[in-house]
Structures are given as structure tokens and as C-alpha cells.
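Undergrad: Following this message is one structure expressed as C-alpha cells.
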Amino acid sequence: MTAEPGKGQTRNPEGGEPTATAPARLRRLNRWLVEDLREDLADLYEGSRAAAPGGAYRRPGRRRFLNRLTAGMRRPGFAMVIAETDRLMGCAFGFPVCGDGAWWLGFAGTLPRRINQLALSDRAFAFGDILIRPHPQDRGLARRVQNRLLTDHQAALGATLVDRADGPNLAALQSWGWRDMGGIRSPVGATLLRAMVLPVGERTEARLEDLVAMPGGGGPGGA
């Protein structure tokens with residue numbers, strides 16, 4: 001019996017022993033570099049997630065993604081981190097959440113006190129998107145990319161909004177450590193969103209241990 005390739009390995013195409021693969025490099029991009037990579041990022045968007053079973057949810061198309069990226073780039077503090085090997089493997093982008101509470105407008109219910117404290121202290125970072133090309137170590141790469149953005153901004157909390165019908169995206173985020181806070185109604189249209197948060201550090205995570213999904217609708221945004 002032949003063992004399957006282990007973590008960080010790929011099978012030799014000649015049928016021999018597995019060979020080690022180099023870990024993806026992380027790189028921070030400024031707005032000008034993001035502009036140069038727009039089409040590559042759109043390709044990554046199209047290839048980053050599996051479709052929902054039975055086609056129950058149709059993701060917004062390439063043009064909608066590029067429009068969301070453009071809107072995010074106009075936000076103060078916009079930042080992007082990409083992961084690359086010999087090609088683009090993943091990215092995450094977003095911007096600091098202002099302490100005025102505007103990002104949480106439309107939240108169904110009462111925002112937990114700890115979340116509210118972090119938001120008001122400008123220690124929350126909103127993710128517009130996290131895109132990871134499917135591969136054996138995609139979970140570990142997603143965590144590296146999102147943690148790099150949070151660390152660079154000295155944030156104690158990541159936040160994002162996801163269309164509640166986007167089951168694959170919600171499942172991916174939860175596998176990467178995100179927690180479902182409850183519903184937010186989109187300020188544009190009638191889309192129901194899920195507010196997801198990612199605590200940073202053991203102390204913050206411990207204080208959020210008791211968080212559970214709250215009543216309400218929910219789904220994407222952040223940009």
C-alpha cells in the first residue's frame with residue numbers, strides 16, 4: 001500500500017516519492033499594485049469557491065466582484081494581502097471599521113458588549129473578501145492570509161458580511177475560525193446578510209466563547 005502525500009507534499013509525476021512543495025509567500029499590496037492585478041484577482045474569485053449543491057445559490061459574477069474591489073479600494077486604510085507560489089493562490093482585502101458603529105447598522109438584535117467595545121475602539125477590521133484557490137492546505141493558507149491583515153492593523157477583531165444564502169462561503173469561513181453573530185439587513189436592497197466575526201488572540205477569543213448565532217437574517221458585504 002502506498003501512503004498518500006502528506007501535508008506540504010505533492011506526488012512525483014513519475015510515480016516516485018512525494019516531493020515537498022514550497023509554502024505560499026504572503027505579500028502586502030498597495031492600491032497601485034492591486035490595480036495591476038485586477039484581472040488576476042477576478043480569475044482567483046471565479047476559481048476560489050465551489051458552487052452550492054444543486055445550484056441553490058448563484059454567486060455574483062466577475063464584474064460585481066471587480067466593482068466591490070474598486071469600492072473597497074476607496075475606503076480609508078484599504079489593504080490587501082496575497083498568497084502566491086508560481087501563481088496567485090489566495091488573497092484577502094478590507095479596511096478598518098470606523099468607531100461610529102455605522103458598519104453594524106441593520107444588525108438584528110443587540111450587539112454583544114465585547115464586540116461593541118472593540119468596534120468603538122477602532123480595533124475591528126472589515127474583510128471585503130477572502131479568496132483561496134482550492135488545494136490540500138487551503139484552510140491553513142486562509143488562516144495565514146487573514147491573520148496577516150489583522151496583525152498588520154493591530155486589530156483585535158475581524159468582521160465580514162456574507163449573503164445568508166451563500167452556504168459554501170459561510171461553511172468556509174466557519175472552518176477558518178469565524179463565528180456567526182446574527183443577521184444584518186443590507187442597506188442597499190433587501191439582501192439578508194450574516195455578520196461573521198473572527199476574534200484575535202487567546203484573551204479576545206476567550207471573551208467571545210459564549211457567542212451564539214442570534215435571531216435574524218443575514219449575508220456579503222464588508223465593502
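Every chain in the C-alpha cells has a letter given in the order shown (A, B, ...), and although residue numbers restart at 1 in each chain, ligands are simply numbered from 1 in the order shown.
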With a distance cut-off of 9 Å and only C-alpha atoms, select the neighbouring residues of A:Ile132, excluding the residue or stretch itself and same-chain residues fewer than 3 positions from it, and output the selection as a PyMOL selection string.

TA: chain A and resi 44-45+47-49+83+89-92+135+138-139+141-142

Undergrad: Contacts of A:Asp129 at 7 Å or less, counting only C-alpha atoms, minus same-chain residues fewer than 2 places along, as a ChimeraX atom specification?

TA: /A:92-93,127,131

Undergrad: Once you have the residues from the selection above, write them out as a PDB file, in the first residue's frame, restricted to C-alpha atoms.

TA:
ATOM      1  CA  ALA A  92      -7.779  38.904   1.489  1.00  0.00           C
ATOM      2  CA  PHE A  93      -8.648  42.586   1.497  1.00  0.00           C
ATOM      3  CA  PHE A 127     -12.904  41.994   5.292  1.00  0.00           C
ATOM      4  CA  LEU A 131     -10.346  34.149  -1.673  1.00  0.00           C
TER       5      LEU A 131
END

Undergrad: Run DSSP on the backbone and tell me which residues of stretch 35-216 of chain A come out as alpha helix (DSSP H); list them as an MDAnalysis selection string.

TA: chainID A and resid 35:36 38:47 62:73 113:120 138:152 167:175 201:207

Undergrad: Neighbours of A:Ala119 within 7 Å (only C-alpha atoms; same-chain residues fewer than 6 positions away dropped), as an mmCIF file with N, CA, C and O atoms, in the first residue's frame?

TA:
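The resulting file, out02.cif, is shown below:
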data_model
loop_
_atom_site.group_PDB
_atom_site.id
_atom_site.type_symbol
_atom_site.label_atom_id
_atom_site.label_comp_id
_atom_site.auth_asym_id
_atom_site.auth_seq_id
_atom_site.Cartn_x
_atom_site.Cartn_y
_atom_site.Cartn_z
ATOM 1 N N VAL A 97 -12.658 49.248 10.484
ATOM 2 C CA VAL A 97 -14.030 49.639 10.778
ATOM 3 C C VAL A 97 -14.010 50.919 11.611
ATOM 4 O O VAL A 97 -13.338 50.979 12.650
ATOM 5 N N GLY A 99 -15.123 53.695 14.242
ATOM 6 C CA GLY A 99 -15.694 53.522 15.572
ATOM 7 C C GLY A 99 -17.054 54.159 15.768
ATOM 8 O O GLY A 99 -17.537 54.208 16.892
ATOM 9 N N GLY A 101 -19.861 53.013 14.601
ATOM 10 C CA GLY A 101 -20.908 51.987 14.620
ATOM 11 C C GLY A 101 -21.675 51.826 13.330
ATOM 12 O O GLY A 101 -22.577 50.982 13.244
#

Undergrad: Please list as number ranges by chain every residue within 10 Å of A:Met73, counting only C-alpha atoms and excluding residues in the same chain fewer than 3 positions away.

TA: A: 30-32, 34-35, 67-70, 76-80, 93-95, 128, 223

Undergrad: Please indicate the distance in Å from atom CA of A:Ile115 to atom CA of A:Phe65, rounded to one decimal place.

TA: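 Interatomic distance here is 27.9 Å.
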
Undergrad: If we count only C-alpha atoms, what is near A:Leu111 at a cut-off of 10 Å, once residues fewer than 6 positions away on the same chain are taken out, given as a list in words?

TA: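 That gives Trp104, Gln117, Met181, Gly182 and Met214 of chain A.
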
Undergrad: Need the shell around A:Pro96: protein/DNA/RNA residues with any atom at most 7 Å away, counting only C-alpha atoms. Skip same-chain ones fewer than 2 positions apart. Format as JSON, numbers by chain?

TA: {"A": [77, 98, 124, 125, 126]}

Undergrad: Go ahead and write the residues just picked, C-alpha atoms, as a tab-separated table (two decimals), in the first residue's frame.

TA:
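Final output, saved to selection05.tsv:
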chain	number	residue	atom	x	y	z
A	77	GLY	CA	-6.96	52.26	5.27
A	98	CYS	CA	-14.79	53.19	11.92
A	124	ALA	CA	-12.05	45.93	14.25
A	125	PHE	CA	-11.10	45.26	10.62
A	126	ALA	CA	-13.73	44.59	7.94

Undergrad: Between atom CA of A:Arg63 and atom CA of A:Leu149, what is the distance, to one decimal in Å?

TA: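 Going from atom CA of A:Arg63 over to atom CA of A:Leu149, I get 24.7 Å.
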
Undergrad: Let me make sure I understand: among A:Leu193, A:Leu173, A:Ala155, A:Ala24, which one has the smallest atom-to-atom distance to A:Gly106 if we use only C-alpha atoms?

TA: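 When distances to A:Gly106 are compared using only C-alpha atoms, the smallest one comes from A:Leu193.
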